[in-house]
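Visitor: The structure is given below, and queries will be raised subsequently.
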Amino acid sequence: MIRSVAWRVSWGLSLAVLVSLAGRPSAAAQRSAPRAAATRDASASEPTRSGPELSEADRAEARALFAAGTAAVDAGRWADAVQSYQRAYELTGAPSALFNLSFALRALGRYREAVRGFDALLALPSTSDAMREQASGLRDEVRARIALLRVDGLEASVAHTVRLDGEDVPDPGSRPWTLQADPGRHTLDIGREGYVTFGWTDVLAPGEMRDLTVVLTPVPPEAAPLPPPGPNLAEEPWLWVVVGAVLLGAGAAGAWYADDQAQLRPEAPPGMTVRL
């Protein structure tokens with residue numbers, strides 16, 4: 001259903017912008033040209049961005065980008081469509097290019113970016129009433145799909161470093177603090193000087209409101225350094241001199257003791273003593 005709606009919207013708006021980017025014909029051509037193209041879509045006569053007129057090269061590139069975006073939508077390649085419509089909007093500033101870009105972001109589930117795109121479209125004075133009504137409805141629908149993560153437990157008087165999915169998020173100072181996120185798996189890291197970084201990872205459902213209480217733990221004091229290791233006695237030469245002297249003395253004493261004991265022992269077994 002999304003793809004079929006997107007095809008009708010994208011093709012109609014792309015065709016309208018292609019007409020508007022074709023350049024202004026001469027007065028004679030304007031009088032003789034058929035007026036049916038303007039009735040195909042209310043945005044057929046939408047102006048391009050303010051400032052210098054587009055060069056012929058930019059107009060040709062914009063037409064090619066709209067054609068590529070439409071082909072990408074037909075094939076379901078929404079990421080390619082985003083790139084084409086983004087570049088087309090940068091070149092022309094046309095409301096229909098921004099509409100198509102926001103619609104493609106919506107199809108990819110990049111709801112926060114889609115809401116910003118629809119908000120910007122509604123703020124353009126050149127947006128037609130029909131496009132404005134459709135964009136307003138889509139913006140409200142997409143906004144309801146954004147997940148909200150309400151962070152509590154942080155001191156209001158202290159600025160914290162916050163990273164959502166690896167990107168820095170400025171701390172507004174409001175408590176509790178509500179973060180917006182597209183549905184899916186996310187990682188949140190919150191740090192404060194002197195405290196261990198708090199980490200959270202989980203999956204948020206479309207439109208979910210999640211409460212998260214943050215508890216920061218002070219960094220433990222560093223342990224006292226261990227004393228440097230003493231000398232290895234086994235490697236000291238004087239130790240082996242002492243050991244050698246001790247061993248030699250013990251050997252001499254053992255030999256004397258053995259000789260003394262031998263002299264005290266009788267030469268003959270008991271009962272065989274010779275008497276003079």
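Identifiers in the structure tokens: chain A, B, ... in order shown; residue index from 1 per chain; ligand index from 1 in order shown.
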Please identify all polymer residues within 7 Å of segment 193-197 of chain A, counting only C-alpha atoms, omitting same-chain residues fewer than 5 positions from it, and present them as a PyMOL selection string.

Guide: chain A and resi 216-219

Visitor: I need the residues from that last selection saved to file as a short mmCIF file (atom, residue, chain, number, x, y, z; two decimals), in the first residue's frame (with N, CA and C atoms), if you can.

Guide:
```cif
data_model
loop_
_atom_site.label_atom_id
_atom_site.label_comp_id
_atom_site.auth_asym_id
_atom_site.auth_seq_id
_atom_site.Cartn_x
_atom_site.Cartn_y
_atom_site.Cartn_z
N LEU A 216 24.66 6.94 38.31
CA LEU A 216 26.08 7.11 38.04
C LEU A 216 26.89 6.75 39.28
N THR A 217 27.89 5.95 39.10
CA THR A 217 28.75 5.48 40.19
C THR A 217 30.07 6.23 40.17
N PRO A 218 30.49 6.80 41.33
CA PRO A 218 31.78 7.50 41.35
C PRO A 218 32.92 6.57 40.97
N VAL A 219 33.88 7.13 40.30
CA VAL A 219 35.07 6.35 39.94
C VAL A 219 35.82 5.99 41.21
#
```

Visitor: Give me the residues of segment 136-179 of chain A that have any atom at most 8 Å from an atom of segment 208-214 of chain A; for each, the nearest atom pair and the distance in Å, rounded to one decimal. Use only C-alpha atoms, sort by chain and number, and format it as CSV.

Guide:
```
residue,atom,partner,partner_atom,distance
A:Arg145,CA,A:Glu208,CA,7.9
A:Ile146,CA,A:Glu208,CA,7.5
A:Ala147,CA,A:Glu208,CA,4.8
A:Leu148,CA,A:Met209,CA,4.8
A:Leu149,CA,A:Arg210,CA,4.9
A:Arg150,CA,A:Asp211,CA,4.9
A:Val151,CA,A:Leu212,CA,4.9
A:Asp152,CA,A:Thr213,CA,4.8
A:Gly153,CA,A:Val214,CA,5.0
A:Leu154,CA,A:Val214,CA,6.7
```

Visitor: Write the residues of the selection above to a file with C-alpha atoms, as a PDB file, in the first residue's frame.

Guide:
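Once written, again37.pdb looks like this:
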```pdb
ATOM      1  CA  ARG A 145       5.713   6.395  15.397  1.00  0.00           C
ATOM      2  CA  ILE A 146       8.723   8.038  17.023  1.00  0.00           C
ATOM      3  CA  ALA A 147       9.848   6.310  20.229  1.00  0.00           C
ATOM      4  CA  LEU A 148      10.482   8.400  23.349  1.00  0.00           C
ATOM      5  CA  LEU A 149      13.124   7.627  25.952  1.00  0.00           C
ATOM      6  CA  ARG A 150      12.586   9.573  29.174  1.00  0.00           C
ATOM      7  CA  VAL A 151      15.851   9.775  31.116  1.00  0.00           C
ATOM      8  CA  ASP A 152      15.707  10.487  34.841  1.00  0.00           C
ATOM      9  CA  GLY A 153      18.204  10.462  37.701  1.00  0.00           C
ATOM     10  CA  LEU A 154      20.552  13.163  36.382  1.00  0.00           C
TER      11      LEU A 154
END
```

Visitor: Could you check how far atom CA of Ala123 of chain A sits from atom CA of Leu101 of chain A, in Å to one decimal?

Guide: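 Answer for the atom CA of Ala123 of chain A to atom CA of Leu101 of chain A separation: 15.5 Å.
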
Visitor: List every residue of segment 124-188 of chain A that DSSP, applied to the backbone of this structure, assigns to helix (DSSP H, G or I), and report them as a list of chain:residue names.

Guide: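 Those residues are A:Asp129, A:Ala130, A:Met131, A:Arg132, A:Glu133, A:Gln134, A:Ala135, A:Ser136, A:Gly137, A:Leu138, A:Arg139, A:Asp140, A:Glu141, A:Val142, A:Arg143.
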
Visitor: Let's have the selection written as an mmCIF file, in the first residue's frame, with N, CA and C atoms.

Guide:
```cif
data_model
loop_
_atom_site.group_PDB
_atom_site.id
_atom_site.type_symbol
_atom_site.label_atom_id
_atom_site.label_comp_id
_atom_site.auth_asym_id
_atom_site.auth_seq_id
_atom_site.Cartn_x
_atom_site.Cartn_y
_atom_site.Cartn_z
ATOM 1 N N ASP A 129 -1.683 24.464 -1.193
ATOM 2 C CA ASP A 129 -2.627 24.073 -0.146
ATOM 3 C C ASP A 129 -2.847 22.566 -0.148
ATOM 4 N N ALA A 130 -2.934 21.972 -1.342
ATOM 5 C CA ALA A 130 -3.160 20.533 -1.426
ATOM 6 C C ALA A 130 -1.967 19.768 -0.853
ATOM 7 N N MET A 131 -0.751 20.197 -1.210
ATOM 8 C CA MET A 131 0.436 19.541 -0.685
ATOM 9 C C MET A 131 0.571 19.782 0.811
ATOM 10 N N ARG A 132 0.210 20.965 1.250
ATOM 11 C CA ARG A 132 0.299 21.287 2.676
ATOM 12 C C ARG A 132 -0.632 20.394 3.491
ATOM 13 N N GLU A 133 -1.826 20.168 3.003
ATOM 14 C CA GLU A 133 -2.787 19.320 3.724
ATOM 15 C C GLU A 133 -2.276 17.876 3.798
ATOM 16 N N GLN A 134 -1.752 17.373 2.700
ATOM 17 C CA GLN A 134 -1.250 16.005 2.690
ATOM 18 C C GLN A 134 -0.011 15.875 3.579
ATOM 19 N N ALA A 135 0.890 16.846 3.515
ATOM 20 C CA ALA A 135 2.108 16.800 4.330
ATOM 21 C C ALA A 135 1.790 16.884 5.810
ATOM 22 N N SER A 136 0.783 17.674 6.176
ATOM 23 C CA SER A 136 0.404 17.794 7.581
ATOM 24 C C SER A 136 -0.094 16.469 8.136
ATOM 25 N N GLY A 137 -0.919 15.762 7.345
ATOM 26 C CA GLY A 137 -1.419 14.470 7.799
ATOM 27 C C GLY A 137 -0.303 13.447 7.933
ATOM 28 N N LEU A 138 0.618 13.425 6.971
ATOM 29 C CA LEU A 138 1.732 12.490 7.038
ATOM 30 C C LEU A 138 2.665 12.812 8.202
ATOM 31 N N ARG A 139 2.876 14.077 8.455
ATOM 32 C CA ARG A 139 3.739 14.454 9.578
ATOM 33 C C ARG A 139 3.166 13.962 10.898
ATOM 34 N N ASP A 140 1.859 14.134 11.100
ATOM 35 C CA ASP A 140 1.239 13.678 12.349
ATOM 36 C C ASP A 140 1.316 12.163 12.466
ATOM 37 N N GLU A 141 1.142 11.467 11.353
ATOM 38 C CA GLU A 141 1.226 10.002 11.374
ATOM 39 C C GLU A 141 2.636 9.538 11.739
ATOM 40 N N VAL A 142 3.633 10.165 11.129
ATOM 41 C CA VAL A 142 5.022 9.771 11.375
ATOM 42 C C VAL A 142 5.443 10.129 12.791
ATOM 43 N N ARG A 143 5.012 11.280 13.266
ATOM 44 C CA ARG A 143 5.398 11.716 14.605
ATOM 45 C C ARG A 143 4.915 10.722 15.658
#
```

Visitor: So which bits of segment 89-163 of chain A end up strand (DSSP E) when you DSSP the backbone, as a PDB file with C-alpha atoms, in the first residue's frame?

Guide:
```pdb
ATOM      1  CA  ALA A 147       9.848   6.310  20.229  1.00  0.00           C
ATOM      2  CA  LEU A 148      10.482   8.400  23.349  1.00  0.00           C
ATOM      3  CA  LEU A 149      13.124   7.627  25.952  1.00  0.00           C
ATOM      4  CA  ARG A 150      12.586   9.573  29.174  1.00  0.00           C
ATOM      5  CA  VAL A 151      15.851   9.775  31.116  1.00  0.00           C
ATOM      6  CA  ASP A 152      15.707  10.487  34.841  1.00  0.00           C
ATOM      7  CA  THR A 161      28.051  14.082  28.058  1.00  0.00           C
ATOM      8  CA  VAL A 162      25.456  12.064  26.166  1.00  0.00           C
ATOM      9  CA  ARG A 163      25.930   9.891  23.087  1.00  0.00           C
TER      10      ARG A 163
END
```

Visitor: Let me make sure I understand: among A:Ala64, A:Ala79, A:Val169, A:Leu98, which one has the smallest atom-to-atom distance to Ala120 of chain A if we use only C-alpha atoms?

Guide: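 That would be A:Leu98, the residue with the smallest distance to Ala120 of chain A.
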